[in-house]
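Heads up, coords.txt below (compact mmCIF, C-alpha atoms):
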# COMPACT_ATOMS: atom_id res chain seq x y z
CA MET A 1 -15.42 16.90 4.17
CA ILE A 2 -13.54 13.69 3.45
CA ALA A 3 -12.40 10.87 5.71
CA ARG A 4 -11.16 12.39 8.97
CA GLN A 5 -9.54 15.64 7.92
CA ARG A 6 -10.23 18.54 5.58
CA ILE A 7 -8.23 18.61 2.36
CA ILE A 8 -5.54 21.26 2.40
CA ARG A 9 -7.34 24.04 0.60
CA GLY A 10 -6.32 25.57 -2.65
CA TRP A 11 -6.78 24.49 -6.24
CA LEU A 12 -4.09 24.97 -8.84
CA TRP A 13 -5.34 27.09 -11.71
CA ALA A 14 -3.57 27.20 -15.01
CA GLY A 15 -2.22 30.64 -15.79
CA VAL A 16 -4.39 32.32 -18.40
CA VAL A 17 -1.91 33.90 -20.78
CA LEU A 18 -1.92 35.23 -24.30
CA ALA A 19 1.04 35.41 -26.64
CA THR A 20 2.58 38.83 -26.99
CA LEU A 21 0.61 40.79 -29.54
CA THR A 22 2.20 42.71 -32.37
CA ALA A 23 -0.03 45.73 -31.94
CA CYS A 24 -0.07 48.03 -28.96
CA VAL A 25 -3.05 47.73 -26.62
CA THR A 26 -4.77 51.07 -26.10
CA GLU A 27 -8.15 52.14 -24.85
CA SER A 28 -10.20 55.14 -25.82
CA PRO A 29 -11.45 57.48 -23.07
CA ASP A 30 -14.73 55.57 -22.79
CA GLY A 31 -12.85 52.31 -22.11
CA THR A 32 -13.35 50.65 -25.48
CA TYR A 33 -10.59 49.24 -27.64
CA ALA A 34 -9.61 51.65 -30.36
CA ARG A 35 -7.47 51.00 -33.42
CA SER A 36 -8.08 52.55 -36.77
CA ASP A 37 -7.40 49.46 -38.87
CA ALA A 38 -8.67 46.88 -36.40
CA ASP A 39 -10.57 43.90 -37.65
CA TYR A 40 -12.86 41.89 -35.43
CA THR A 41 -10.44 39.02 -34.93
CA GLU A 42 -7.59 41.25 -33.84
CA ALA A 43 -9.93 43.33 -31.69
CA ALA A 44 -11.13 40.15 -29.97
CA ARG A 45 -7.56 39.14 -29.22
CA ILE A 46 -6.79 42.56 -27.77
CA ASN A 47 -9.94 42.61 -25.64
CA THR A 48 -9.16 39.13 -24.39
CA GLN A 49 -5.73 40.29 -23.28
CA LEU A 50 -7.27 43.34 -21.59
CA GLY A 51 -9.79 41.09 -19.86
CA ILE A 52 -7.04 38.80 -18.60
CA ASP A 53 -5.10 41.80 -17.31
CA TYR A 54 -8.16 42.99 -15.39
CA MET A 55 -8.67 39.48 -14.03
CA ARG A 56 -5.14 39.52 -12.64
CA LYS A 57 -5.86 42.85 -10.95
CA GLY A 58 -9.07 41.53 -9.42
CA GLU A 59 -11.22 43.93 -11.46
CA THR A 60 -13.81 41.34 -12.43
CA ASP A 61 -16.47 43.72 -13.75
CA ARG A 62 -14.06 45.31 -16.21
CA ALA A 63 -12.64 41.89 -17.08
CA LEU A 64 -16.12 40.57 -17.82
CA SER A 65 -16.94 43.56 -20.00
CA LYS A 66 -13.80 43.10 -22.11
CA LEU A 67 -14.24 39.35 -22.44
CA GLN A 68 -17.91 39.66 -23.39
CA ARG A 69 -16.83 42.07 -26.13
CA ALA A 70 -14.14 39.64 -27.27
CA VAL A 71 -16.59 36.75 -27.51
CA GLU A 72 -18.96 38.92 -29.54
CA GLN A 73 -16.18 40.02 -31.88
CA ASP A 74 -14.79 36.52 -32.46
CA PRO A 75 -16.96 33.66 -31.18
CA SER A 76 -14.31 31.18 -32.35
CA LEU A 77 -11.56 32.46 -30.02
CA ALA A 78 -11.08 29.64 -27.55
CA LEU A 79 -9.00 31.67 -25.09
CA ALA A 80 -11.77 34.27 -24.79
CA HIS A 81 -14.27 31.55 -23.87
CA ALA A 82 -11.87 29.91 -21.40
CA SER A 83 -11.12 33.25 -19.76
CA ILE A 84 -14.73 34.39 -19.47
CA ALA A 85 -15.63 30.98 -18.05
CA PHE A 86 -13.10 31.58 -15.28
CA VAL A 87 -14.62 34.99 -14.52
CA TYR A 88 -18.16 33.62 -14.46
CA GLN A 89 -17.03 30.80 -12.19
CA ASN A 90 -15.57 33.24 -9.70
CA ARG A 91 -18.76 35.31 -9.82
CA GLY A 92 -20.83 32.23 -8.99
CA ASP A 93 -22.56 32.00 -12.38
CA ARG A 94 -22.19 28.27 -12.84
CA VAL A 95 -24.41 27.99 -15.90
CA SER A 96 -22.49 30.59 -17.89
CA ALA A 97 -19.15 29.21 -16.71
CA ASP A 98 -20.05 25.71 -17.82
CA ARG A 99 -21.31 26.91 -21.19
CA HIS A 100 -18.13 28.82 -21.97
CA TYR A 101 -15.82 26.07 -20.72
CA ARG A 102 -17.60 23.65 -23.04
CA ARG A 103 -17.30 26.05 -25.94
CA ALA A 104 -13.59 26.62 -25.27
CA ILE A 105 -12.96 22.88 -25.21
CA ALA A 106 -14.96 22.34 -28.39
CA LEU A 107 -12.79 24.96 -30.10
CA ALA A 108 -9.48 23.80 -28.61
CA PRO A 109 -9.85 20.24 -27.28
CA ASN A 110 -6.08 19.84 -26.86
CA SER A 111 -5.65 22.73 -24.44
CA PRO A 112 -4.52 21.06 -21.20
CA ASP A 113 -4.87 24.29 -19.24
CA THR A 114 -8.53 24.64 -20.16
CA GLN A 115 -9.17 20.96 -19.40
CA ASN A 116 -7.49 21.40 -16.01
CA ASN A 117 -9.52 24.49 -15.16
CA TYR A 118 -12.73 22.81 -16.29
CA GLY A 119 -11.86 19.85 -14.07
CA VAL A 120 -11.50 22.19 -11.09
CA PHE A 121 -14.86 23.74 -11.93
CA LEU A 122 -16.59 20.37 -12.26
CA CYS A 123 -15.11 19.06 -9.03
CA GLY A 124 -16.35 22.16 -7.24
CA GLN A 125 -19.85 21.19 -8.40
CA SER A 126 -19.38 17.63 -7.02
CA ARG A 127 -19.35 16.31 -10.60
CA TYR A 128 -16.44 14.07 -9.72
CA ASP A 129 -16.55 11.57 -12.58
CA GLU A 130 -16.67 14.33 -15.18
CA ALA A 131 -13.92 16.24 -13.39
CA LEU A 132 -11.55 13.29 -13.31
CA LEU A 133 -12.18 12.71 -17.01
CA ALA A 134 -11.27 16.35 -17.69
CA PHE A 135 -8.02 16.03 -15.72
CA ASP A 136 -7.18 12.81 -17.53
CA ARG A 137 -7.81 14.49 -20.90
CA ALA A 138 -5.39 17.24 -19.90
CA LEU A 139 -2.79 14.64 -18.99
CA ARG A 140 -3.11 12.90 -22.35
CA VAL A 141 -2.07 16.03 -24.26
CA THR A 142 1.43 15.57 -25.63
CA GLY A 143 3.79 18.29 -24.52
CA TYR A 144 1.80 19.43 -21.48
CA ARG A 145 4.36 21.57 -19.68
CA THR A 146 2.99 21.24 -16.13
CA PRO A 147 1.27 17.85 -15.80
CA GLU A 148 1.91 17.89 -12.05
CA VAL A 149 -0.73 20.63 -11.79
CA ALA A 150 -3.51 18.51 -13.28
CA GLN A 151 -2.29 15.40 -11.44
CA THR A 152 -2.41 17.16 -8.08
CA ASN A 153 -5.84 18.63 -8.81
CA ALA A 154 -7.05 15.21 -9.88
CA GLY A 155 -5.77 13.78 -6.61
CA VAL A 156 -7.60 16.42 -4.58
CA CYS A 157 -10.77 15.70 -6.53
CA ALA A 158 -10.39 11.96 -6.11
CA ARG A 159 -10.15 12.47 -2.35
CA LYS A 160 -13.33 14.56 -2.39
CA ALA A 161 -14.97 11.64 -4.19
CA GLY A 162 -13.73 9.21 -1.52
CA LEU A 163 -11.21 7.56 -3.87
CA ASP A 164 -8.10 7.73 -1.72
CA ALA A 165 -6.17 4.98 -3.52
CA ARG A 166 -6.70 6.72 -6.83
CA ALA A 167 -5.75 10.04 -5.24
CA GLU A 168 -2.46 8.58 -4.04
CA GLY A 169 -1.71 7.46 -7.59
CA TYR A 170 -2.23 10.96 -8.89
CA PHE A 171 -0.08 12.55 -6.18
CA ARG A 172 2.75 10.09 -6.75
CA ALA A 173 2.54 10.68 -10.50
CA ALA A 174 2.83 14.42 -9.86
CA LEU A 175 5.94 13.84 -7.76
CA ARG A 176 7.46 11.68 -10.48
CA GLU A 177 7.07 14.64 -12.80
CA ASN A 178 8.37 17.12 -10.24
CA SER A 179 9.77 15.66 -7.03
CA THR A 180 9.72 19.04 -5.26
CA PHE A 181 6.23 20.14 -6.26
CA PRO A 182 4.94 21.63 -2.99
CA ASN A 183 1.22 21.12 -3.54
CA ALA A 184 1.60 17.43 -4.25
CA LEU A 185 3.88 16.99 -1.22
CA ALA A 186 1.36 18.73 1.04
CA GLN A 187 -1.53 16.67 -0.26
CA ILE A 188 0.19 13.31 0.02
CA ALA A 189 1.39 14.23 3.51
CA LEU A 190 -2.23 14.88 4.51
CA LEU A 191 -3.38 11.65 2.88
CA SER A 192 -0.70 9.73 4.78
CA TYR A 193 -1.75 11.36 8.04
CA ASP A 194 -5.41 10.52 7.45
CA ARG A 195 -4.44 6.90 6.90
CA GLY A 196 -2.48 6.79 10.15
CA GLU A 197 0.82 6.55 8.29
CA TYR A 198 2.50 9.15 10.46
CA LEU A 199 6.10 8.42 9.55
CA LEU A 200 5.25 8.86 5.88
CA ALA A 201 3.42 12.09 6.68
CA ARG A 202 6.50 13.33 8.53
CA ALA A 203 8.76 12.44 5.61
CA PHE A 204 6.59 14.26 3.06
CA LEU A 205 6.34 17.31 5.32
CA GLN A 206 10.12 17.37 5.62
CA ARG A 207 10.39 17.29 1.84
CA TYR A 208 7.80 20.05 1.65
CA SER A 209 9.78 22.27 4.01
CA GLN A 210 12.77 22.00 1.67
CA ALA A 211 10.68 22.95 -1.35
CA ALA A 212 8.51 25.83 -0.12
CA PRO A 213 7.69 28.00 2.89
CA HIS A 214 5.19 26.41 5.25
CA SER A 215 1.55 27.43 5.09
CA PRO A 216 -0.83 27.43 8.07
CA GLN A 217 -2.24 24.14 6.79
CA THR A 218 1.11 22.33 6.59
CA LEU A 219 2.22 23.67 9.97
CA TRP A 220 -0.97 22.48 11.63
CA LEU A 221 -0.55 19.13 9.90
CA GLY A 222 2.99 19.03 11.28
CA VAL A 223 1.69 19.64 14.81
CA ARG A 224 -0.81 16.79 14.54
CA THR A 225 1.67 14.44 12.90
CA GLU A 226 4.33 14.94 15.56
CA ARG A 227 1.77 14.61 18.33
CA ALA A 228 0.67 11.31 16.82
CA LEU A 229 4.30 10.16 16.75
CA GLY A 230 4.82 11.26 20.35
CA ASP A 231 7.48 13.86 19.54
CA VAL A 232 6.41 16.68 21.84
CA ALA A 233 9.37 18.92 21.02
CA ALA A 234 8.82 18.69 17.25
CA ALA A 235 5.11 19.35 17.70
CA ARG A 236 5.91 22.41 19.77
CA ARG A 237 8.28 23.73 17.09
CA TYR A 238 5.55 23.50 14.49
CA ALA A 239 3.07 25.09 16.89
CA THR A 240 5.36 28.00 17.69
CA GLN A 241 5.99 28.66 14.02
CA LEU A 242 2.26 28.54 13.30
CA GLN A 243 1.42 31.01 16.08
CA GLN A 244 4.22 33.41 15.22
CA GLN A 245 3.79 33.47 11.44
CA PHE A 246 0.01 33.10 11.15
CA PRO A 247 -1.57 34.39 14.39
CA GLU A 248 -4.99 34.98 12.75
CA ALA A 249 -5.19 31.77 10.73
CA GLU A 250 -8.00 29.29 11.24
CA GLU A 251 -5.40 26.63 11.94
CA THR A 252 -3.93 28.70 14.78
CA TYR A 253 -7.34 28.83 16.43
CA SER A 254 -7.61 25.07 15.99
CA LEU A 255 -4.23 24.72 17.68
CA LEU A 256 -5.27 26.88 20.61
CA ARG A 257 -8.52 24.96 21.02
CA SER A 258 -6.63 21.67 21.01
CA GLU A 259 -4.28 22.96 23.72
CA ARG A 260 -7.17 24.14 25.90
CA ASN A 261 -8.90 20.80 25.55
CA GLY A 262 -5.75 18.95 26.55

Structure rendered as structure tokens:
Amino acid sequence: MIARQRIIRGWLWAGVVLATLTACVTESPDGTYARSDADYTEAARINTQLGIDYMRKGETDRALSKLQRAVEQDPSLALAHASIAFVYQNRGDRVSADRHYRRAIALAPNSPDTQNNYGVFLCGQSRYDEALLAFDRALRVTGYRTPEVAQTNAGVCARKAGLDARAEGYFRAALRENSTFPNALAQIALLSYDRGEYLLARAFLQRYSQAAPHSPQTLWLGVRTERALGDVAAARRYATQLQQQFPEAEETYSLLRSERNG
């Protein structure tokens, strides 16, 4: 928990992708990679791609198996370490996740995506100083295509650490990079609300609504913001949308409780 309100949930993970491979990816009947002229390096690349594909499908056991094979075949493949770290993290194996993130970064220190993901991991362990350093390292990489991702994550982490002024700086930097980036708009709207800056919160929520569909979190924030501003009709519009679109959401139950309690 931070300040008065919960951070709008949801980290931004870098997409784990691999360049298109020249060889076809096939599996033998027992699920192992098979290619007559395969060498270990190429096999590791193929198994990494297979592992990433399984990750995307939510098949974590199969993903882990492929990525473990890839790391064995080519221990110097940074993407294999970064990918297996992500799987271990989602399985709750913090020690293995940390070890593979560190190895991936040692092998490819200028990968902003890996630095961003490691920052998310570290912040989830309440290692805030280390996390913010990881995000800042990502942001120093020349040519980073989506700096708003790391900036928004850094802002969320700074808020968790109780550094709201620093968080605002990150969110505003993200919006300078991409003025319609929904996650940054949602986060800075929440920060403004928590500070009692309700007109600013309203303005950022209005910008958010033009950039992306509302989530349960932004609709509930809209209800609270408009209530604080005394606009009953606007609050009711947000509330109706929340109840109709997300009847089972936690935020809808919060809305109903608030209405019962007057």

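In terms of minimum interatomic distance to A:Arg103, A:His81 ranks closest within A:Arg172, A:Arg127, A:His81, A:Arg91, counting all atoms listed in the file.
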
Quick one: residues within 7 Å of A:Val223, only C-alpha atoms, excluding same-chain residues fewer than 3 positions away - as a short mmCIF file (atom, residue, chain, number, x, y, z; two decimals) with C-alpha atoms, in the coordinates of the input?
data_model
loop_
_atom_site.label_atom_id
_atom_site.label_comp_id
_atom_site.auth_asym_id
_atom_site.auth_seq_id
_atom_site.Cartn_x
_atom_site.Cartn_y
_atom_site.Cartn_z
CA LEU A 219 2.22 23.67 9.97
CA TRP A 220 -0.97 22.48 11.63
CA GLU A 226 4.33 14.94 15.56
CA ARG A 227 1.77 14.61 18.33
CA ALA A 235 5.11 19.35 17.70
CA TYR A 238 5.55 23.50 14.49
CA ALA A 239 3.07 25.09 16.89
#

Using only C-alpha atoms: which of A:Gly155, A:Gly124, A:Gly119, A:Pro147 has the shortest distance to A:Asn90: A:Gly124

Hey, what's within 12 Å of A:Ser76 if we count all atoms listed in the file and toss same-chain stuff fewer than 4 positions away? As number ranges by chain, please? A: 40-41, 44-45, 70-72, 80-82, 100, 103-108

Using the selection just defined, write its residues with C-alpha atoms as a PDB file, in the frame of the given file.
ATOM      1  CA  TYR A  40     -12.860  41.890 -35.430  1.00  0.00           C
ATOM      2  CA  THR A  41     -10.440  39.020 -34.930  1.00  0.00           C
ATOM      3  CA  ALA A  44     -11.130  40.150 -29.970  1.00  0.00           C
ATOM      4  CA  ARG A  45      -7.560  39.140 -29.220  1.00  0.00           C
ATOM      5  CA  ALA A  70     -14.140  39.640 -27.270  1.00  0.00           C
ATOM      6  CA  VAL A  71     -16.590  36.750 -27.510  1.00  0.00           C
ATOM      7  CA  GLU A  72     -18.960  38.920 -29.540  1.00  0.00           C
ATOM      8  CA  ALA A  80     -11.770  34.270 -24.790  1.00  0.00           C
ATOM      9  CA  HIS A  81     -14.270  31.550 -23.870  1.00  0.00           C
ATOM     10  CA  ALA A  82     -11.870  29.910 -21.400  1.00  0.00           C
ATOM     11  CA  HIS A 100     -18.130  28.820 -21.970  1.00  0.00           C
ATOM     12  CA  ARG A 103     -17.300  26.050 -25.940  1.00  0.00           C
ATOM     13  CA  ALA A 104     -13.590  26.620 -25.270  1.00  0.00           C
ATOM     14  CA  ILE A 105     -12.960  22.880 -25.210  1.00  0.00           C
ATOM     15  CA  ALA A 106     -14.960  22.340 -28.390  1.00  0.00           C
ATOM     16  CA  LEU A 107     -12.790  24.960 -30.100  1.00  0.00           C
ATOM     17  CA  ALA A 108      -9.480  23.800 -28.610  1.00  0.00           C
TER      18      ALA A 108
END

Skipping near chain neighbours, those fewer than 2 positions away, what residues fall within 12 Å of A:Ser209 using only C-alpha atoms, listed as a PyMOL selection string? chain A and resi 180-183+185-186+189+202-207+211-215+218-219+222+238

Correct to one decimal, the distance atom CA of A:Thr114-atom CA of A:Leu191 is 26.9 Å

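Restricting the calculation to all atoms listed in the file, the smallest distance between A:Leu132 and any of A:Ala165, A:Ser96, A:Arg145, A:Tyr170 is found for A:Tyr170.
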
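Using all atoms listed in the file, the smallest distance between any of A:Thr60, A:Gln241, A:Gln89, A:Thr152 and A:Asn116 comes from A:Thr152.
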
Fewer than 4 positions away in the same chain doesn't count, so skip those; otherwise give me all residues within 8 Å of A:Asp53, counting all atoms listed in the file, as a ChimeraX atom specification. /A:49,57,63

Set the distance at 6 Å and use all atoms listed in the file: which residues neighbour A:Leu67 once local chain neighbours fewer than 5 positions away are removed? I'd like the list as a ChimeraX atom specification. /A:48,51,84

Give me stretch 204-215 of chain A with all heavy atoms filled in, as a PDB file, in the frame of the given file.
ATOM      1  N   PHE A 204       7.053  13.356   4.121  1.00  0.00           N
ATOM      2  CA  PHE A 204       6.590  14.260   3.060  1.00  0.00           C
ATOM      3  C   PHE A 204       6.592  15.710   3.530  1.00  0.00           C
ATOM      4  O   PHE A 204       6.895  16.617   2.743  1.00  0.00           O
ATOM      5  CB  PHE A 204       5.194  13.844   2.583  1.00  0.00           C
ATOM      6  CG  PHE A 204       5.193  12.620   1.704  1.00  0.00           C
ATOM      7  CD1 PHE A 204       4.494  11.479   2.066  1.00  0.00           C
ATOM      8  CD2 PHE A 204       5.899  12.615   0.506  1.00  0.00           C
ATOM      9  CE1 PHE A 204       4.493  10.353   1.259  1.00  0.00           C
ATOM     10  CE2 PHE A 204       5.902  11.495  -0.316  1.00  0.00           C
ATOM     11  CZ  PHE A 204       5.199  10.352   0.068  1.00  0.00           C
ATOM     12  N   LEU A 205       6.282  15.946   4.803  1.00  0.00           N
ATOM     13  CA  LEU A 205       6.340  17.310   5.320  1.00  0.00           C
ATOM     14  C   LEU A 205       7.781  17.827   5.347  1.00  0.00           C
ATOM     15  O   LEU A 205       8.025  19.016   5.094  1.00  0.00           O
ATOM     16  CB  LEU A 205       5.724  17.374   6.718  1.00  0.00           C
ATOM     17  CG  LEU A 205       4.200  17.404   6.763  1.00  0.00           C
ATOM     18  CD1 LEU A 205       3.711  17.288   8.200  1.00  0.00           C
ATOM     19  CD2 LEU A 205       3.653  18.681   6.130  1.00  0.00           C
ATOM     20  N   GLN A 206       8.711  16.956   5.646  1.00  0.00           N
ATOM     21  CA  GLN A 206      10.120  17.370   5.620  1.00  0.00           C
ATOM     22  C   GLN A 206      10.541  17.733   4.208  1.00  0.00           C
ATOM     23  O   GLN A 206      11.266  18.722   3.993  1.00  0.00           O
ATOM     24  CB  GLN A 206      10.994  16.258   6.195  1.00  0.00           C
ATOM     25  CG  GLN A 206      10.846  16.087   7.705  1.00  0.00           C
ATOM     26  CD  GLN A 206      11.571  14.864   8.244  1.00  0.00           C
ATOM     27  OE1 GLN A 206      11.925  13.947   7.488  1.00  0.00           O
ATOM     28  NE2 GLN A 206      11.783  14.831   9.549  1.00  0.00           N
ATOM     29  N   ARG A 207      10.098  16.956   3.231  1.00  0.00           N
ATOM     30  CA  ARG A 207      10.390  17.290   1.840  1.00  0.00           C
ATOM     31  C   ARG A 207       9.716  18.604   1.448  1.00  0.00           C
ATOM     32  O   ARG A 207      10.300  19.423   0.730  1.00  0.00           O
ATOM     33  CB  ARG A 207       9.925  16.164   0.911  1.00  0.00           C
ATOM     34  CG  ARG A 207      10.796  14.917   0.980  1.00  0.00           C
ATOM     35  CD  ARG A 207      10.210  13.768   0.169  1.00  0.00           C
ATOM     36  NE  ARG A 207      10.073  14.114  -1.249  1.00  0.00           N
ATOM     37  CZ  ARG A 207       9.544  13.279  -2.148  1.00  0.00           C
ATOM     38  NH1 ARG A 207       9.109  12.086  -1.765  1.00  0.00           N
ATOM     39  NH2 ARG A 207       9.441  13.653  -3.408  1.00  0.00           N
ATOM     40  N   TYR A 208       8.504  18.806   1.940  1.00  0.00           N
ATOM     41  CA  TYR A 208       7.800  20.050   1.650  1.00  0.00           C
ATOM     42  C   TYR A 208       8.579  21.248   2.173  1.00  0.00           C
ATOM     43  O   TYR A 208       8.721  22.266   1.471  1.00  0.00           O
ATOM     44  CB  TYR A 208       6.398  20.018   2.272  1.00  0.00           C
ATOM     45  CG  TYR A 208       5.612  21.294   2.054  1.00  0.00           C
ATOM     46  CD1 TYR A 208       4.719  21.413   0.999  1.00  0.00           C
ATOM     47  CD2 TYR A 208       5.765  22.387   2.904  1.00  0.00           C
ATOM     48  CE1 TYR A 208       4.010  22.587   0.786  1.00  0.00           C
ATOM     49  CE2 TYR A 208       5.070  23.566   2.696  1.00  0.00           C
ATOM     50  CZ  TYR A 208       4.190  23.661   1.639  1.00  0.00           C
ATOM     51  OH  TYR A 208       3.500  24.833   1.438  1.00  0.00           O
ATOM     52  N   SER A 209       9.085  21.146   3.392  1.00  0.00           N
ATOM     53  CA  SER A 209       9.780  22.270   4.010  1.00  0.00           C
ATOM     54  C   SER A 209      11.042  22.652   3.247  1.00  0.00           C
ATOM     55  O   SER A 209      11.514  23.789   3.345  1.00  0.00           O
ATOM     56  CB  SER A 209      10.129  21.947   5.468  1.00  0.00           C
ATOM     57  OG  SER A 209      11.124  20.940   5.540  1.00  0.00           O
ATOM     58  N   GLN A 210      11.593  21.711   2.486  1.00  0.00           N
ATOM     59  CA  GLN A 210      12.770  22.000   1.670  1.00  0.00           C
ATOM     60  C   GLN A 210      12.400  22.595   0.315  1.00  0.00           C
ATOM     61  O   GLN A 210      13.264  23.135  -0.379  1.00  0.00           O
ATOM     62  CB  GLN A 210      13.579  20.715   1.470  1.00  0.00           C
ATOM     63  CG  GLN A 210      14.151  20.152   2.763  1.00  0.00           C
ATOM     64  CD  GLN A 210      14.752  18.769   2.586  1.00  0.00           C
ATOM     65  OE1 GLN A 210      14.653  18.160   1.521  1.00  0.00           O
ATOM     66  NE2 GLN A 210      15.381  18.258   3.629  1.00  0.00           N
ATOM     67  N   ALA A 211      11.114  22.485  -0.033  1.00  0.00           N
ATOM     68  CA  ALA A 211      10.680  22.950  -1.350  1.00  0.00           C
ATOM     69  C   ALA A 211       9.958  24.284  -1.323  1.00  0.00           C
ATOM     70  O   ALA A 211       9.957  25.011  -2.323  1.00  0.00           O
ATOM     71  CB  ALA A 211       9.757  21.899  -1.995  1.00  0.00           C
ATOM     72  N   ALA A 212       9.332  24.616  -0.177  1.00  0.00           N
ATOM     73  CA  ALA A 212       8.510  25.830  -0.120  1.00  0.00           C
ATOM     74  C   ALA A 212       8.334  26.267   1.320  1.00  0.00           C
ATOM     75  O   ALA A 212       8.474  25.454   2.247  1.00  0.00           O
ATOM     76  CB  ALA A 212       7.146  25.559  -0.759  1.00  0.00           C
ATOM     77  N   PRO A 213       8.008  27.542   1.538  1.00  0.00           N
ATOM     78  CA  PRO A 213       7.690  28.000   2.890  1.00  0.00           C
ATOM     79  C   PRO A 213       6.423  27.308   3.399  1.00  0.00           C
ATOM     80  O   PRO A 213       5.509  27.027   2.618  1.00  0.00           O
ATOM     81  CB  PRO A 213       7.463  29.501   2.728  1.00  0.00           C
ATOM     82  CG  PRO A 213       8.088  29.856   1.426  1.00  0.00           C
ATOM     83  CD  PRO A 213       7.977  28.641   0.554  1.00  0.00           C
ATOM     84  N   HIS A 214       6.370  27.039   4.684  1.00  0.00           N
ATOM     85  CA  HIS A 214       5.190  26.410   5.250  1.00  0.00           C
ATOM     86  C   HIS A 214       3.990  27.331   5.187  1.00  0.00           C
ATOM     87  O   HIS A 214       4.117  28.549   5.300  1.00  0.00           O
ATOM     88  CB  HIS A 214       5.442  26.005   6.711  1.00  0.00           C
ATOM     89  CG  HIS A 214       6.050  24.653   6.862  1.00  0.00           C
ATOM     90  ND1 HIS A 214       5.386  23.503   6.504  1.00  0.00           N
ATOM     91  CD2 HIS A 214       7.262  24.264   7.346  1.00  0.00           C
ATOM     92  CE1 HIS A 214       6.158  22.450   6.767  1.00  0.00           C
ATOM     93  NE2 HIS A 214       7.304  22.894   7.257  1.00  0.00           N
ATOM     94  N   SER A 215       2.834  26.728   5.014  1.00  0.00           N
ATOM     95  CA  SER A 215       1.550  27.430   5.090  1.00  0.00           C
ATOM     96  C   SER A 215       0.916  27.111   6.444  1.00  0.00           C
ATOM     97  O   SER A 215       1.374  26.203   7.153  1.00  0.00           O
ATOM     98  CB  SER A 215       0.633  26.940   3.969  1.00  0.00           C
ATOM     99  OG  SER A 215       0.273  25.571   4.206  1.00  0.00           O
TER     100      SER A 215
END
